[in-house]
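Participant: This is the structure, below, for whatever I ask next.
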Amino acid sequence: MSLNVELLEQSFEKVKPRADEFAASFYDNLFQAHPEMKPLFAKTDMKNQEKKLLSSLVLVVERKSP
């Protein structure tokens, strides 16, 4: 399975201006689709978790292959 890096980068550029909203929406959608996951985050600071998600996405998008 190959990753379309250009498409990923273009998509991420569209998300950036609303990154905080995107991250919150990600977890809202996750918990709605899979309520069994919510207890795994019961003691988690969700604002911090959302920042970690965004940081991880930035690393993936900005990583350049050798």
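Every chain in the structure tokens takes a letter, A first, then B, and so on in the order presented; its residues are numbered from 1, and the ligands are numbered from 1 following the presented order.
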Can you tell me which residues surround segment 51-54 of chain A at a distance of at most 10 Å, considering only C-alpha atoms, apart from same-chain residues fewer than 5 positions away, and format the answer as a list in words?
Facilitator: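 Surrounding residues, per the criterion: Lys16, Ala19, Asp20, Phe22, Ala23, Ala24, Phe26, Tyr27, Met46, Leu59 and Val60 of chain A.
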Participant: Skip segment 5-14 of chain A itself and residues of its chain fewer than 2 positions away, then list as an MDAnalysis selection string all residues within 10 Å of it, counting only C-alpha atoms.
Facilitator: chainID A and resid 2:3 16:19 57:58 60:65
Participant: Next, dump the selected residues to file, keeping only C-alpha atoms, as an mmCIF file, in the first residue's frame.
Facilitator:
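To be explicit, this is the file written out as result_12.cif:
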data_model
loop_
_atom_site.group_PDB
_atom_site.id
_atom_site.type_symbol
_atom_site.label_atom_id
_atom_site.label_comp_id
_atom_site.auth_asym_id
_atom_site.auth_seq_id
_atom_site.Cartn_x
_atom_site.Cartn_y
_atom_site.Cartn_z
ATOM 1 C CA SER A 2 1.552 3.274 -1.036
ATOM 2 C CA LEU A 3 0.810 6.610 0.530
ATOM 3 C CA LYS A 16 -4.320 23.477 9.690
ATOM 4 C CA PRO A 17 -6.457 26.627 10.070
ATOM 5 C CA ARG A 18 -8.951 24.658 12.143
ATOM 6 C CA ALA A 19 -6.571 22.175 13.732
ATOM 7 C CA LEU A 57 0.066 14.422 12.445
ATOM 8 C CA VAL A 58 2.582 17.210 11.865
ATOM 9 C CA VAL A 60 3.866 12.333 9.748
ATOM 10 C CA VAL A 61 3.090 15.038 7.195
ATOM 11 C CA GLU A 62 6.418 16.828 7.466
ATOM 12 C CA ARG A 63 8.540 13.695 7.478
ATOM 13 C CA LYS A 64 10.467 13.435 4.258
ATOM 14 C CA SER A 65 11.409 10.029 2.896
#
